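Enquirer: Just so it is clear, I am handing over structure-v4.cif, which has mmCIF, C-alpha atoms.
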```cif
data_target
#
loop_
_atom_site.label_atom_id
_atom_site.label_comp_id
_atom_site.auth_asym_id
_atom_site.auth_seq_id
_atom_site.Cartn_x
_atom_site.Cartn_y
_atom_site.Cartn_z
CA MET A 1 18.00 -12.83 -9.63
CA MET A 2 19.04 -9.62 -11.25
CA ASN A 3 21.44 -8.49 -8.59
CA GLY A 4 23.03 -5.21 -9.57
CA SER A 5 20.79 -4.82 -12.58
CA SER A 6 19.24 -1.49 -13.37
CA ILE A 7 17.26 0.44 -15.94
CA ALA A 8 18.50 3.57 -17.64
CA ILE A 9 15.91 5.86 -19.21
CA ARG A 10 16.95 8.66 -21.50
CA LEU A 11 14.77 11.33 -23.01
CA ASP A 12 15.99 12.65 -26.35
CA GLY A 13 17.83 15.91 -25.93
CA ASP A 14 17.87 15.34 -22.17
CA ARG A 15 14.72 17.36 -22.04
CA ARG A 16 12.83 17.80 -18.79
CA THR A 17 10.00 20.06 -19.93
CA TYR A 18 7.53 19.63 -22.79
CA GLU A 19 4.63 21.62 -24.11
CA PRO A 20 1.22 20.02 -24.67
CA GLY A 21 1.08 18.36 -28.08
CA GLU A 22 4.84 17.97 -28.33
CA THR A 23 6.48 14.66 -29.03
CA LEU A 24 8.26 12.95 -26.18
CA SER A 25 10.78 10.39 -27.32
CA GLY A 26 13.61 8.47 -25.78
CA GLU A 27 14.90 5.03 -25.01
CA TYR A 28 15.59 2.71 -22.15
CA SER A 29 18.28 0.14 -21.69
CA LEU A 30 18.94 -2.57 -19.16
CA LEU A 31 22.23 -2.72 -17.37
CA GLY A 32 23.68 -5.83 -15.79
CA VAL A 33 21.09 -8.16 -17.29
CA GLY A 34 22.03 -11.40 -19.03
CA ARG A 35 20.81 -12.30 -22.49
CA ASN A 36 17.95 -14.46 -21.24
CA GLY A 37 17.38 -12.53 -18.05
CA VAL A 38 14.17 -10.76 -19.02
CA LYS A 39 10.68 -12.15 -19.55
CA ALA A 40 9.08 -8.86 -20.42
CA ALA A 41 9.33 -5.13 -20.01
CA GLU A 42 6.65 -2.47 -19.92
CA VAL A 43 7.00 1.21 -20.66
CA SER A 44 4.36 3.70 -19.60
CA VAL A 45 4.08 7.41 -20.08
CA LEU A 46 1.82 8.41 -17.26
CA TRP A 47 0.76 11.08 -14.85
CA TYR A 48 -0.13 10.69 -11.22
CA THR A 49 -1.20 12.89 -8.39
CA GLU A 50 0.50 13.05 -5.08
CA GLY A 51 -0.39 14.81 -1.89
CA LYS A 52 -2.64 14.54 1.12
CA GLY A 53 -5.76 13.07 -0.39
CA ASP A 54 -6.73 10.17 -2.61
CA GLU A 55 -4.21 9.70 -5.34
CA ASP A 56 -4.86 9.20 -9.02
CA LEU A 57 -2.87 7.70 -11.85
CA THR A 58 -3.58 7.61 -15.57
CA VAL A 59 -1.49 5.95 -18.23
CA HIS A 60 -1.22 8.07 -21.37
CA GLN A 61 0.63 5.46 -23.45
CA PHE A 62 1.79 1.94 -22.78
CA TRP A 63 4.09 -0.49 -24.55
CA ARG A 64 4.94 -4.05 -23.65
CA PHE A 65 7.99 -5.91 -24.88
CA ASP A 66 7.96 -9.70 -24.56
CA ALA A 67 10.88 -12.07 -24.71
CA ASP A 68 8.62 -14.63 -26.38
CA GLU A 69 8.09 -12.22 -29.24
CA GLY A 70 11.73 -11.26 -29.35
CA THR A 71 11.02 -7.65 -28.46
CA ALA A 72 12.48 -7.55 -24.94
CA ASP A 73 16.09 -8.22 -25.85
CA PRO A 74 18.07 -6.79 -22.93
CA GLY A 75 21.11 -6.35 -25.15
CA ARG A 76 19.71 -3.41 -27.07
CA ASP A 77 18.13 -0.02 -26.45
CA HIS A 78 14.36 0.21 -26.75
CA ARG A 79 12.85 3.31 -28.27
CA PHE A 80 9.56 4.92 -27.27
CA GLU A 81 7.76 7.93 -28.65
CA THR A 82 4.42 9.57 -27.99
CA THR A 83 2.55 12.79 -28.54
CA LEU A 84 1.78 14.41 -25.23
CA PRO A 85 -1.79 15.48 -24.48
CA ALA A 86 -3.12 18.93 -23.70
CA SER A 87 -3.64 18.18 -20.04
CA PRO A 88 -3.23 17.73 -17.15
CA LEU A 89 -0.28 20.05 -16.83
CA SER A 90 2.39 19.37 -14.24
CA TYR A 91 1.63 21.18 -11.05
CA ASP A 92 3.47 21.61 -7.77
CA GLY A 93 0.76 22.53 -5.32
CA MET A 94 0.85 22.48 -1.56
CA ILE A 95 -1.72 19.76 -1.08
CA LEU A 96 -1.77 18.30 -4.57
CA LYS A 97 0.93 17.72 -7.14
CA ILE A 98 0.56 16.42 -10.67
CA ARG A 99 3.57 14.60 -11.94
CA TRP A 100 4.40 13.15 -15.34
CA CYS A 101 6.94 10.43 -15.92
CA VAL A 102 8.16 7.64 -18.14
CA ARG A 103 8.06 4.48 -16.07
CA VAL A 104 9.77 1.26 -17.09
CA ARG A 105 8.96 -1.99 -15.35
CA VAL A 106 11.05 -5.05 -16.07
CA PHE A 107 9.96 -8.59 -15.29
CA PRO A 108 13.11 -10.65 -14.93
CA THR A 109 13.24 -14.35 -15.60
CA ASN A 110 13.97 -14.83 -11.93
CA GLY A 111 13.47 -12.49 -9.02
CA LYS A 112 11.57 -9.33 -8.33
CA GLN A 113 10.41 -6.78 -10.82
CA ILE A 114 12.52 -3.70 -11.13
CA VAL A 115 11.03 -0.30 -11.80
CA GLU A 116 12.60 2.96 -12.80
CA GLN A 117 11.06 6.24 -13.79
CA LYS A 118 12.15 9.43 -15.44
CA ASP A 119 10.21 12.52 -14.49
CA PHE A 120 9.43 15.36 -16.81
CA ARG A 121 7.18 18.40 -16.75
CA LEU A 122 4.25 18.99 -19.05
CA GLY A 123 3.66 22.72 -19.43
CA ASN A 124 4.99 25.48 -17.27
CA VAL A 125 2.48 26.11 -14.54
CA PRO A 126 4.32 27.91 -11.73
CA PRO A 127 4.35 26.33 -8.26
CA ALA A 128 1.53 27.28 -5.97
CA GLU A 129 2.02 29.98 -3.40
CA ASP A 130 2.09 29.04 0.26
CA ALA A 131 -1.29 30.68 0.67
CA GLU A 132 -2.87 27.52 -0.68
CA LEU A 133 -2.56 25.89 2.71
CA MET B 134 6.64 -7.49 -5.12
CA SER B 135 8.68 -4.97 -6.99
CA SER B 136 11.19 -2.31 -6.30
CA GLU B 137 9.75 1.15 -5.92
CA PRO B 138 10.53 3.72 -8.55
CA ARG B 139 13.40 5.97 -7.55
CA THR B 140 12.16 8.77 -5.35
CA ILE B 141 12.23 12.26 -6.65
CA ALA B 142 13.82 14.99 -4.63
CA VAL B 143 10.76 17.20 -4.46
CA GLU B 144 8.45 14.48 -3.20
CA ASN B 145 6.91 14.94 0.20
CA PRO B 146 7.64 11.82 2.29
CA PHE B 147 4.31 12.24 4.08
CA CYS B 148 2.19 12.01 0.92
CA THR B 149 -0.71 9.57 0.91
CA ARG B 150 1.11 7.02 -1.18
CA ARG B 151 3.74 6.62 1.50
CA VAL B 152 1.65 6.78 4.65
CA ARG B 153 -1.44 4.79 3.69
CA PRO B 154 -1.91 1.47 5.50
CA GLY B 155 0.41 -1.08 3.99
CA ALA B 156 2.90 1.41 2.61
CA LEU B 157 4.72 1.43 5.91
CA PRO B 158 5.23 -1.82 7.78
CA PHE B 159 3.37 -1.96 11.07
CA LEU B 160 5.97 -1.69 13.79
CA LEU B 161 5.18 -4.47 16.23
CA PRO B 162 7.00 -4.69 19.55
CA ASP B 163 10.10 -6.87 19.51
CA ASP B 164 8.49 -9.44 21.78
CA GLN B 165 5.50 -9.83 19.50
CA PRO B 166 6.66 -10.28 15.91
CA LEU B 167 4.23 -10.94 13.10
CA PRO B 168 4.75 -14.72 12.96
CA ARG B 169 3.82 -14.93 16.60
CA LEU B 170 0.69 -12.92 15.95
CA VAL B 171 -0.26 -15.20 13.06
CA ASP B 172 0.35 -18.21 15.26
CA ARG B 173 -1.92 -16.73 17.89
CA LEU B 174 -4.59 -16.14 15.28
CA ARG B 175 -4.23 -19.72 14.10
CA ARG B 176 -4.64 -20.98 17.64
CA GLN B 177 -7.77 -18.87 17.94
CA GLY B 178 -9.20 -20.68 14.93
CA TRP B 179 -8.48 -17.64 12.70
CA TRP B 180 -10.83 -15.48 14.71
CA GLY B 181 -9.64 -12.30 16.28
CA GLN B 182 -10.25 -8.64 16.92
CA ILE B 183 -7.73 -5.85 16.66
CA ILE B 184 -8.75 -3.12 19.05
CA GLY B 185 -7.59 0.45 19.03
CA ALA B 186 -8.50 4.10 18.77
CA HIS B 187 -9.04 6.01 15.55
CA GLY B 188 -5.76 6.45 13.68
CA SER B 189 -3.85 4.12 15.96
CA GLY B 190 -2.65 1.76 13.22
CA LYS B 191 -5.33 -0.96 13.10
CA SER B 192 -5.60 -0.86 9.32
CA ALA B 193 -1.82 -0.76 9.01
CA LEU B 194 -1.59 -3.90 11.10
CA LEU B 195 -4.22 -5.56 8.93
CA ALA B 196 -2.20 -4.67 5.84
CA SER B 197 0.74 -6.57 7.32
CA LEU B 198 -1.40 -9.40 8.64
CA VAL B 199 -3.38 -10.23 5.49
CA PRO B 200 -0.39 -11.37 3.40
CA ALA B 201 0.81 -13.41 6.36
CA ILE B 202 -2.58 -15.15 6.58
CA GLU B 203 -2.42 -15.86 2.86
CA GLN B 204 1.07 -17.22 3.25
CA ALA B 205 -0.36 -19.60 5.81
CA GLY B 206 -2.44 -21.02 2.97
CA LEU B 207 -5.80 -19.34 3.53
CA SER B 208 -7.75 -17.10 1.25
CA VAL B 209 -8.72 -13.69 2.52
CA CYS B 210 -11.71 -11.54 1.66
CA ARG B 211 -11.17 -8.06 3.02
CA VAL B 212 -13.96 -5.57 3.56
CA GLU B 213 -13.45 -1.98 4.64
CA LEU B 214 -16.29 -0.14 6.34
CA HIS B 215 -16.34 3.62 6.70
CA ASP B 216 -18.29 5.95 8.95
CA GLY B 217 -21.99 5.33 8.69
CA GLN B 218 -21.65 2.18 6.59
CA ARG B 219 -24.04 -0.11 8.40
CA ARG B 220 -23.93 -3.09 6.10
CA LEU B 221 -21.31 -5.09 4.25
CA PRO B 222 -20.73 -3.97 0.67
CA ILE B 223 -20.71 -7.60 -0.44
CA ASP B 224 -23.17 -10.43 -0.10
CA VAL B 225 -21.25 -12.99 1.89
CA ARG B 226 -23.76 -15.69 0.91
CA LYS B 227 -22.78 -15.17 -2.73
CA LEU B 228 -19.17 -15.13 -1.72
CA ALA B 229 -19.69 -18.55 -0.25
CA THR B 230 -20.93 -19.97 -3.53
CA ARG B 231 -19.01 -18.07 -6.18
CA GLY B 232 -16.29 -20.21 -7.65
CA GLY B 233 -14.06 -17.29 -8.46
CA LEU B 234 -13.88 -16.06 -4.94
CA SER B 235 -14.20 -19.37 -3.27
CA PRO B 236 -11.11 -20.33 -1.40
CA PHE B 237 -11.83 -24.00 -1.48
CA SER B 238 -9.22 -24.87 -4.04
CA ARG B 239 -6.49 -23.82 -1.65
CA ARG B 240 -5.28 -26.53 0.64
CA THR B 241 -3.74 -26.09 3.98
CA SER B 242 -3.74 -27.80 7.33
CA PHE B 243 -5.00 -26.42 10.59
CA SER B 244 -3.49 -28.69 13.10
CA ALA B 245 -3.83 -26.10 15.85
CA SER B 246 -7.48 -25.46 15.08
CA THR B 247 -8.45 -28.91 16.23
CA THR B 248 -7.79 -27.80 19.79
CA HIS B 249 -10.23 -24.87 19.62
CA PRO B 250 -8.48 -22.79 22.24
CA GLY B 251 -10.90 -19.91 21.88
CA ARG B 252 -14.03 -21.99 22.04
CA GLU B 253 -14.71 -20.92 25.60
CA ASN B 254 -15.60 -17.54 24.08
CA GLY B 255 -18.14 -19.22 21.89
CA THR B 256 -16.53 -17.64 18.86
CA VAL B 257 -14.46 -20.35 17.29
CA PRO B 258 -16.12 -22.58 14.77
CA PHE B 259 -16.03 -26.25 15.47
CA GLY B 260 -14.24 -28.67 13.19
CA ARG B 261 -12.67 -26.17 10.84
CA PRO B 262 -11.80 -27.88 7.59
CA ALA B 263 -8.37 -27.79 6.08
CA ASP B 264 -9.41 -25.27 3.43
CA ALA B 265 -11.03 -22.04 4.49
CA LEU B 266 -11.61 -18.39 3.96
CA VAL B 267 -10.85 -15.65 6.40
CA LEU B 268 -13.21 -12.71 6.23
CA VAL B 269 -11.46 -9.54 7.32
CA VAL B 270 -13.68 -6.62 8.29
CA ASP B 271 -11.95 -3.31 8.87
CA GLY B 272 -14.29 -1.17 10.96
CA PHE B 273 -16.49 -3.92 12.37
CA GLU B 274 -18.16 -1.53 14.84
CA GLN B 275 -19.82 0.23 11.91
CA LEU B 276 -22.19 -2.71 11.54
CA GLY B 277 -25.21 -2.71 13.80
CA ARG B 278 -25.31 -5.22 16.62
CA LEU B 279 -27.73 -7.53 14.84
CA ARG B 280 -25.65 -7.58 11.67
CA ARG B 281 -22.55 -8.34 13.65
CA VAL B 282 -24.24 -11.25 15.38
CA ARG B 283 -25.51 -12.57 12.06
CA LEU B 284 -22.14 -12.25 10.41
CA LYS B 285 -20.39 -14.06 13.22
CA ARG B 286 -22.99 -16.82 13.09
CA PHE B 287 -22.63 -17.05 9.31
CA CYS B 288 -18.84 -17.32 9.52
CA ARG B 289 -19.09 -19.87 12.30
CA ARG B 290 -21.44 -22.04 10.26
CA ARG B 291 -19.30 -21.77 7.18
CA ARG B 292 -16.23 -22.48 9.27
CA TRP B 293 -14.66 -19.27 8.04
CA GLY B 294 -12.14 -17.22 9.92
CA LEU B 295 -13.16 -13.74 10.99
CA VAL B 296 -10.68 -11.00 11.74
CA VAL B 297 -11.95 -7.53 12.54
CA THR B 298 -10.72 -4.14 13.61
CA THR B 299 -12.78 -2.23 16.09
CA HIS B 300 -12.59 0.66 18.50
CA VAL B 301 -14.09 -1.40 21.32
CA PRO B 302 -14.18 -5.13 22.13
CA LEU B 303 -16.98 -6.82 20.18
CA GLY B 304 -16.96 -10.39 21.36
CA LEU B 305 -14.19 -11.98 19.32
CA PRO B 306 -10.98 -13.30 20.81
CA GLU B 307 -8.55 -10.45 21.18
CA LEU B 308 -5.64 -10.54 18.77
CA TYR B 309 -3.92 -7.22 19.37
CA ARG B 310 -4.44 -3.80 20.92
CA THR B 311 -2.88 -0.92 19.04
CA ALA B 312 -1.42 1.53 21.52
CA PRO B 313 0.87 3.99 19.79
CA ASP B 314 2.98 6.49 21.66
CA VAL B 315 5.12 9.43 20.69
CA ALA B 316 8.23 7.26 20.43
CA LEU B 317 6.50 5.10 17.84
CA ALA B 318 5.41 8.18 15.92
CA GLN B 319 9.01 9.40 15.93
CA ARG B 320 10.27 6.04 14.65
CA LEU B 321 7.73 6.12 11.82
CA VAL B 322 8.73 9.63 10.85
CA GLU B 323 12.40 8.71 10.92
CA ARG B 324 11.64 5.82 8.53
CA LEU B 325 9.55 8.00 6.26
CA GLN B 326 12.30 10.57 5.90
CA ARG B 327 15.02 8.08 5.02
CA GLY B 328 16.43 9.08 1.65
CA TYR B 329 14.78 12.49 1.90
CA ASN B 330 15.93 15.80 3.15
CA PRO B 331 14.84 15.51 6.81
CA ARG B 332 12.81 18.58 7.64
CA ILE B 333 10.87 17.16 10.57
CA ASP B 334 12.55 16.45 13.88
CA ASP B 335 11.45 14.66 17.02
CA SER B 336 10.12 17.81 18.62
CA ASP B 337 7.93 18.48 15.58
CA VAL B 338 6.55 14.97 15.87
CA ALA B 339 5.90 15.32 19.58
CA GLU B 340 4.11 18.60 19.04
CA ALA B 341 1.93 17.28 16.21
CA TYR B 342 1.20 14.06 18.08
CA ALA B 343 0.00 15.97 21.14
CA GLU B 344 -1.98 18.39 19.01
CA HIS B 345 -3.78 15.54 17.30
CA ARG B 346 -4.53 13.73 20.52
CA GLU B 347 -2.34 10.74 19.81
CA ASP B 348 -3.91 10.01 16.43
CA LEU B 349 -1.04 8.73 14.29
CA ARG B 350 -2.87 9.16 11.02
CA GLU B 351 -3.72 12.79 11.72
CA THR B 352 -0.22 13.39 13.00
CA LEU B 353 1.33 12.22 9.72
CA PHE B 354 -1.26 14.25 7.84
CA ALA B 355 -0.24 17.38 9.72
CA LEU B 356 3.43 16.70 9.18
CA TYR B 357 2.81 16.67 5.42
CA ASP B 358 1.92 20.36 5.67
CA ARG B 359 4.84 21.19 7.88
CA TYR B 360 7.26 19.40 5.59
CA GLU B 361 5.78 21.14 2.57
CA GLN B 362 6.06 24.58 4.14
CA ARG B 363 9.71 24.01 4.99
CA ARG B 364 10.47 22.54 1.58
CA ARG B 365 9.07 25.65 -0.06
CA SER B 366 10.83 28.02 2.27
CA THR B 367 14.15 26.48 1.24
CA ARG B 368 13.33 26.20 -2.46
CA GLY B 369 16.32 27.22 -4.50
CA GLU B 370 18.75 26.08 -1.84
CA GLU B 371 18.57 22.49 -3.08
#
```
What does this structure look like when you write it as structure tokens?
Expert:
Amino acid sequence: MMNGSSIAIRLDGDRRTYEPGETLSGEYSLLGVGRNGVKAAEVSVLWYTEGKGDEDLTVHQFWRFDADEGTADPGRDHRFETTLPASPLSYDGMILKIRWCVRVRVFPTNGKQIVEQKDFRLGNVPPAEDAEL
Amino acid sequence: MSSEPRTIAVENPFCTRRVRPGALPFLLPDDQPLPRLVDRLRRQGWWGQIIGAHGSGKSALLASLVPAIEQAGLSVCRVELHDGQRRLPIDVRKLATRGGLSPFSRRTSFSASTTHPGRENGTVPFGRPADALVLVVDGFEQLGRLRRVRLKRFCRRRRWGLVVTTHVPLGLPELYRTAPDVALAQRLVERLQRGYNPRIDDSDVAEAYAEHREDLRETLFALYDRYEQRRRSTRGEE
């Protein structure tokens, strides 16, 4: 088990907002994980919708790090970098929201997966007015 | 299983992802925990109907029940029927012969099934083998009467289990009747708002529940809007 283990995700410059076409970069690290405690880790830059209706999710970029290939070493930071697309822009609507995030999923040698995500905004679309309802 | 990503402060706890069947555990009464329900289903030869009104939690109960059936060693094929869908979206005859979906590699024992306690209803297959599939049909009443009869006969001949949800009794042994009340709705809302800024109180729940004629699904749907309105009205205070 990975009791007390966690994932820390950092975006370079501690940025929370990006413009379409900009580069998002950062790193993740595993805390409280032993040297052989990880089978694999996956990093996704993705957007998803949230709200009252059917929800959607699309992965913009995906990386997998495997212990077998020596790329999932929990003792070091793992970098990621991607160019963000033109759309969809982040949106905070009344019945629909579009959210972007970096999501890291770690598959420990024993025990349950752990997942952490870091949210960011793509673009600067203002929140919807209440009239949307 | 996995941990859920950390919630974000602006998320609405009533969004679809959190209220869809399976996202919330079905809250069974204390005297009828899930293992007891599974045991009852086993004693009924893995045949049973879950009866309840629209939005009363039938699909949520199924979402809890299916993993428990699988844990008992059976394979499950789940079919969801929506309004006006008069036939199954799969060919169960092909299901019976396709290796990939066939459950027959899974071994389990059905000691209780040899007693056939539900056979007086004429619904429990005789001599169920130790390896079997349970067909789960959510919205069984959508099928026409003839199709229902044929499907039951097919399952009986194949010695498959059959678990359905329905608004009215349809001739299978009863497994559970969903009967929500306002107290249950309030418990669900309390759970949903854990870790969130609670913007919905018991009186809001009671009002929405009454307004939506005791339909839990619609009640939670309505509370999404109410939560969102209050979240926006306090924007900047957080």
Enquirer: Could you give me, as a tab-separated table, a per-residue list for chain A showing, wherever an atom lies at most 9 Å from an atom of chain B, the closest pair of atoms and their distance in Å to one decimal, using all atoms listed in the file and sorting by chain then residue number from low to high?
Expert:
```
residue	atom	partner	partner_atom	distance
A:Glu50	CA	B:Cys148	CA	6.3
A:Gly51	CA	B:Cys148	CA	4.7
A:Lys52	CA	B:Thr149	CA	5.3
A:Gly53	CA	B:Thr149	CA	6.3
A:Asp54	CA	B:Thr149	CA	7.0
A:Glu55	CA	B:Thr149	CA	7.2
A:Met94	CA	B:Glu361	CA	6.6
A:Ile95	CA	B:Asp358	CA	7.7
A:Arg103	CA	B:Pro138	CA	8.0
A:Val104	CA	B:Pro138	CA	8.9
A:Arg105	CA	B:Ser135	CA	8.9
A:Lys112	CA	B:Ser135	CA	5.4
A:Gln113	CA	B:Ser135	CA	4.6
A:Ile114	CA	B:Ser136	CA	5.2
A:Val115	CA	B:Pro138	CA	5.2
A:Glu116	CA	B:Pro138	CA	4.8
A:Gln117	CA	B:Pro138	CA	5.8
A:Lys118	CA	B:Arg139	CA	8.7
A:Asp119	CA	B:Ile141	CA	8.1
A:Glu129	CA	B:Arg365	CA	8.9
A:Asp130	CA	B:Gln362	CA	7.1
A:Leu133	CA	B:Asp358	CA	7.7
```
Enquirer: Name the residues, using the chain letters and numbers of the file, that sit within 7 Å of (1.4, 12.7, -20.8) when counting all atoms listed in the file, and give them as a VMD selection string.
Expert: chain A and resid 45 to 47 60 84 to 85 100
Enquirer: Can you tell me how far CA of Gln326 in chain B sits from CA of Lys191 in chain B, in Å to one decimal?
Expert: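 Between CA of Gln326 in chain B and CA of Lys191 in chain B the gap works out to 22.3 Å.
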Enquirer: Please identify all polymer residues within 6 Å of range 7-24 of chain A, counting only C-alpha atoms, omitting same-chain residues fewer than 5 positions from it, and present them as an mmCIF file with C-alpha atoms, in the coordinates of the input.
Expert:
```
data_model
loop_
_atom_site.group_PDB
_atom_site.id
_atom_site.type_symbol
_atom_site.label_atom_id
_atom_site.label_comp_id
_atom_site.auth_asym_id
_atom_site.auth_seq_id
_atom_site.Cartn_x
_atom_site.Cartn_y
_atom_site.Cartn_z
ATOM 1 C CA SER A 29 18.280 0.140 -21.690
ATOM 2 C CA LEU A 30 18.940 -2.570 -19.160
ATOM 3 C CA GLU A 81 7.760 7.930 -28.650
ATOM 4 C CA THR A 82 4.420 9.570 -27.990
ATOM 5 C CA THR A 83 2.550 12.790 -28.540
ATOM 6 C CA LEU A 84 1.780 14.410 -25.230
ATOM 7 C CA PRO A 85 -1.790 15.480 -24.480
ATOM 8 C CA ALA A 86 -3.120 18.930 -23.700
ATOM 9 C CA PHE A 120 9.430 15.360 -16.810
ATOM 10 C CA ARG A 121 7.180 18.400 -16.750
ATOM 11 C CA LEU A 122 4.250 18.990 -19.050
ATOM 12 C CA GLY A 123 3.660 22.720 -19.430
#
```
Enquirer: If I take CA of Leu160 in chain B and CA of Thr352 in chain B, how far is one from the other in Å, to one decimal?
Expert: 16.3 Å
Enquirer: If you measure from CA of Glu27 in chain A to CA of Gly328 in chain B, what distance in Å do you get, rounded to one decimal?
Expert: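 Taking CA of Glu27 in chain A as the start and CA of Gly328 in chain B as the end point, the length is 27.0 Å.
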Enquirer: When the PyMOL selection byres ((chain A and resi 65) around 9) is applied to the file above, which residues end up in the set, as a list in words?
Expert: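 That expression, the PyMOL selection byres ((chain A and resi 65) around 9), corresponds here to Lys39, Ala40, Ala41, Glu42, Val43, Trp63, Arg64, Asp66, Ala67, Asp68, Glu69, Gly70, Thr71, Ala72 and Asp73 of chain A.
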Enquirer: For the provided coordinates, the residues matched by the PyMOL selection byres ((chain B and resi 192) around 8) should be stated as a PyMOL selection string.
Expert: chain B and resi 154+190-191+193-196+271+298
Enquirer: Taking (0.5, -17.4, 7.8) as a centre in this file's frame and 10 Å as the limit, can you find every polymer residue with an atom that close, using only C-alpha atoms, and give them as a list of chain:residue names?
Expert: B:Leu167, B:Pro168, B:Arg169, B:Leu170, B:Val171, B:Asp172, B:Leu174, B:Arg175, B:Leu198, B:Val199, B:Pro200, B:Ala201, B:Ile202, B:Glu203, B:Gln204, B:Ala205, B:Gly206, B:Leu207
Enquirer: Would you export the selected residues with C-alpha atoms as a CSV table (one decimal), keeping the file's coordinate frame, please?
Expert:
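Contents of the output file selection-v7.csv:
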```csv
chain,number,residue,atom,x,y,z
B,167,LEU,CA,4.2,-10.9,13.1
B,168,PRO,CA,4.8,-14.7,13.0
B,169,ARG,CA,3.8,-14.9,16.6
B,170,LEU,CA,0.7,-12.9,16.0
B,171,VAL,CA,-0.3,-15.2,13.1
B,172,ASP,CA,0.4,-18.2,15.3
B,174,LEU,CA,-4.6,-16.1,15.3
B,175,ARG,CA,-4.2,-19.7,14.1
B,198,LEU,CA,-1.4,-9.4,8.6
B,199,VAL,CA,-3.4,-10.2,5.5
B,200,PRO,CA,-0.4,-11.4,3.4
B,201,ALA,CA,0.8,-13.4,6.4
B,202,ILE,CA,-2.6,-15.2,6.6
B,203,GLU,CA,-2.4,-15.9,2.9
B,204,GLN,CA,1.1,-17.2,3.2
B,205,ALA,CA,-0.4,-19.6,5.8
B,206,GLY,CA,-2.4,-21.0,3.0
B,207,LEU,CA,-5.8,-19.3,3.5
```
Enquirer: Hey, what's within 6 Å of Trp180 in chain B if we count only C-alpha atoms and toss same-chain stuff fewer than 5 positions away? As a ChimeraX atom specification, please?
Expert: /B:294-296
Enquirer: Tell me, as a list in words, which residues lie within 7 Å of Ser208 in chain B, counting all atoms listed in the file; anything in the same chain fewer than 3 positions away does not count.
Expert: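 What passes the distance filter is Glu203, Pro236, Ala265, Leu266 and Val267 of chain B.
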Enquirer: Return range 206-220 of chain B, completed with N, CA and C atoms, as a PDB file, in the frame of the given file.
Expert:
```
ATOM      1  N   GLY B 206      -1.678 -20.128   3.826  1.00  0.00           N
ATOM      2  CA  GLY B 206      -2.440 -21.020   2.970  1.00  0.00           C
ATOM      3  C   GLY B 206      -3.928 -20.735   2.914  1.00  0.00           C
ATOM      4  N   LEU B 207      -4.373 -19.661   3.547  1.00  0.00           N
ATOM      5  CA  LEU B 207      -5.800 -19.340   3.530  1.00  0.00           C
ATOM      6  C   LEU B 207      -6.083 -18.249   2.514  1.00  0.00           C
ATOM      7  N   SER B 208      -7.326 -18.204   2.090  1.00  0.00           N
ATOM      8  CA  SER B 208      -7.750 -17.100   1.250  1.00  0.00           C
ATOM      9  C   SER B 208      -8.360 -16.026   2.137  1.00  0.00           C
ATOM     10  N   VAL B 209      -8.222 -14.804   1.708  1.00  0.00           N
ATOM     11  CA  VAL B 209      -8.720 -13.690   2.520  1.00  0.00           C
ATOM     12  C   VAL B 209      -9.681 -12.860   1.682  1.00  0.00           C
ATOM     13  N   CYS B 210     -10.813 -12.529   2.270  1.00  0.00           N
ATOM     14  CA  CYS B 210     -11.710 -11.540   1.660  1.00  0.00           C
ATOM     15  C   CYS B 210     -11.736 -10.354   2.613  1.00  0.00           C
ATOM     16  N   ARG B 211     -11.283  -9.226   2.137  1.00  0.00           N
ATOM     17  CA  ARG B 211     -11.170  -8.060   3.020  1.00  0.00           C
ATOM     18  C   ARG B 211     -12.253  -7.043   2.692  1.00  0.00           C
ATOM     19  N   VAL B 212     -12.896  -6.558   3.718  1.00  0.00           N
ATOM     20  CA  VAL B 212     -13.960  -5.570   3.560  1.00  0.00           C
ATOM     21  C   VAL B 212     -13.623  -4.382   4.442  1.00  0.00           C
ATOM     22  N   GLU B 213     -13.759  -3.192   3.882  1.00  0.00           N
ATOM     23  CA  GLU B 213     -13.450  -1.980   4.640  1.00  0.00           C
ATOM     24  C   GLU B 213     -14.731  -1.193   4.826  1.00  0.00           C
ATOM     25  N   LEU B 214     -15.075  -0.901   6.053  1.00  0.00           N
ATOM     26  CA  LEU B 214     -16.290  -0.140   6.340  1.00  0.00           C
ATOM     27  C   LEU B 214     -15.922   1.252   6.835  1.00  0.00           C
ATOM     28  N   HIS B 215     -16.610   2.246   6.298  1.00  0.00           N
ATOM     29  CA  HIS B 215     -16.340   3.620   6.700  1.00  0.00           C
ATOM     30  C   HIS B 215     -17.488   4.147   7.549  1.00  0.00           C
ATOM     31  N   ASP B 216     -17.294   5.361   8.056  1.00  0.00           N
ATOM     32  CA  ASP B 216     -18.290   5.950   8.950  1.00  0.00           C
ATOM     33  C   ASP B 216     -19.683   5.868   8.342  1.00  0.00           C
ATOM     34  N   GLY B 217     -20.598   5.364   9.113  1.00  0.00           N
ATOM     35  CA  GLY B 217     -21.990   5.330   8.690  1.00  0.00           C
ATOM     36  C   GLY B 217     -22.347   4.163   7.781  1.00  0.00           C
ATOM     37  N   GLN B 218     -21.377   3.329   7.465  1.00  0.00           N
ATOM     38  CA  GLN B 218     -21.650   2.180   6.590  1.00  0.00           C
ATOM     39  C   GLN B 218     -22.139   1.038   7.464  1.00  0.00           C
ATOM     40  N   ARG B 219     -23.426   0.820   7.448  1.00  0.00           N
ATOM     41  CA  ARG B 219     -24.040  -0.110   8.400  1.00  0.00           C
ATOM     42  C   ARG B 219     -24.197  -1.525   7.885  1.00  0.00           C
ATOM     43  N   ARG B 220     -23.838  -1.730   6.631  1.00  0.00           N
ATOM     44  CA  ARG B 220     -23.930  -3.090   6.100  1.00  0.00           C
ATOM     45  C   ARG B 220     -22.714  -3.407   5.246  1.00  0.00           C
TER      46      ARG B 220
END
```
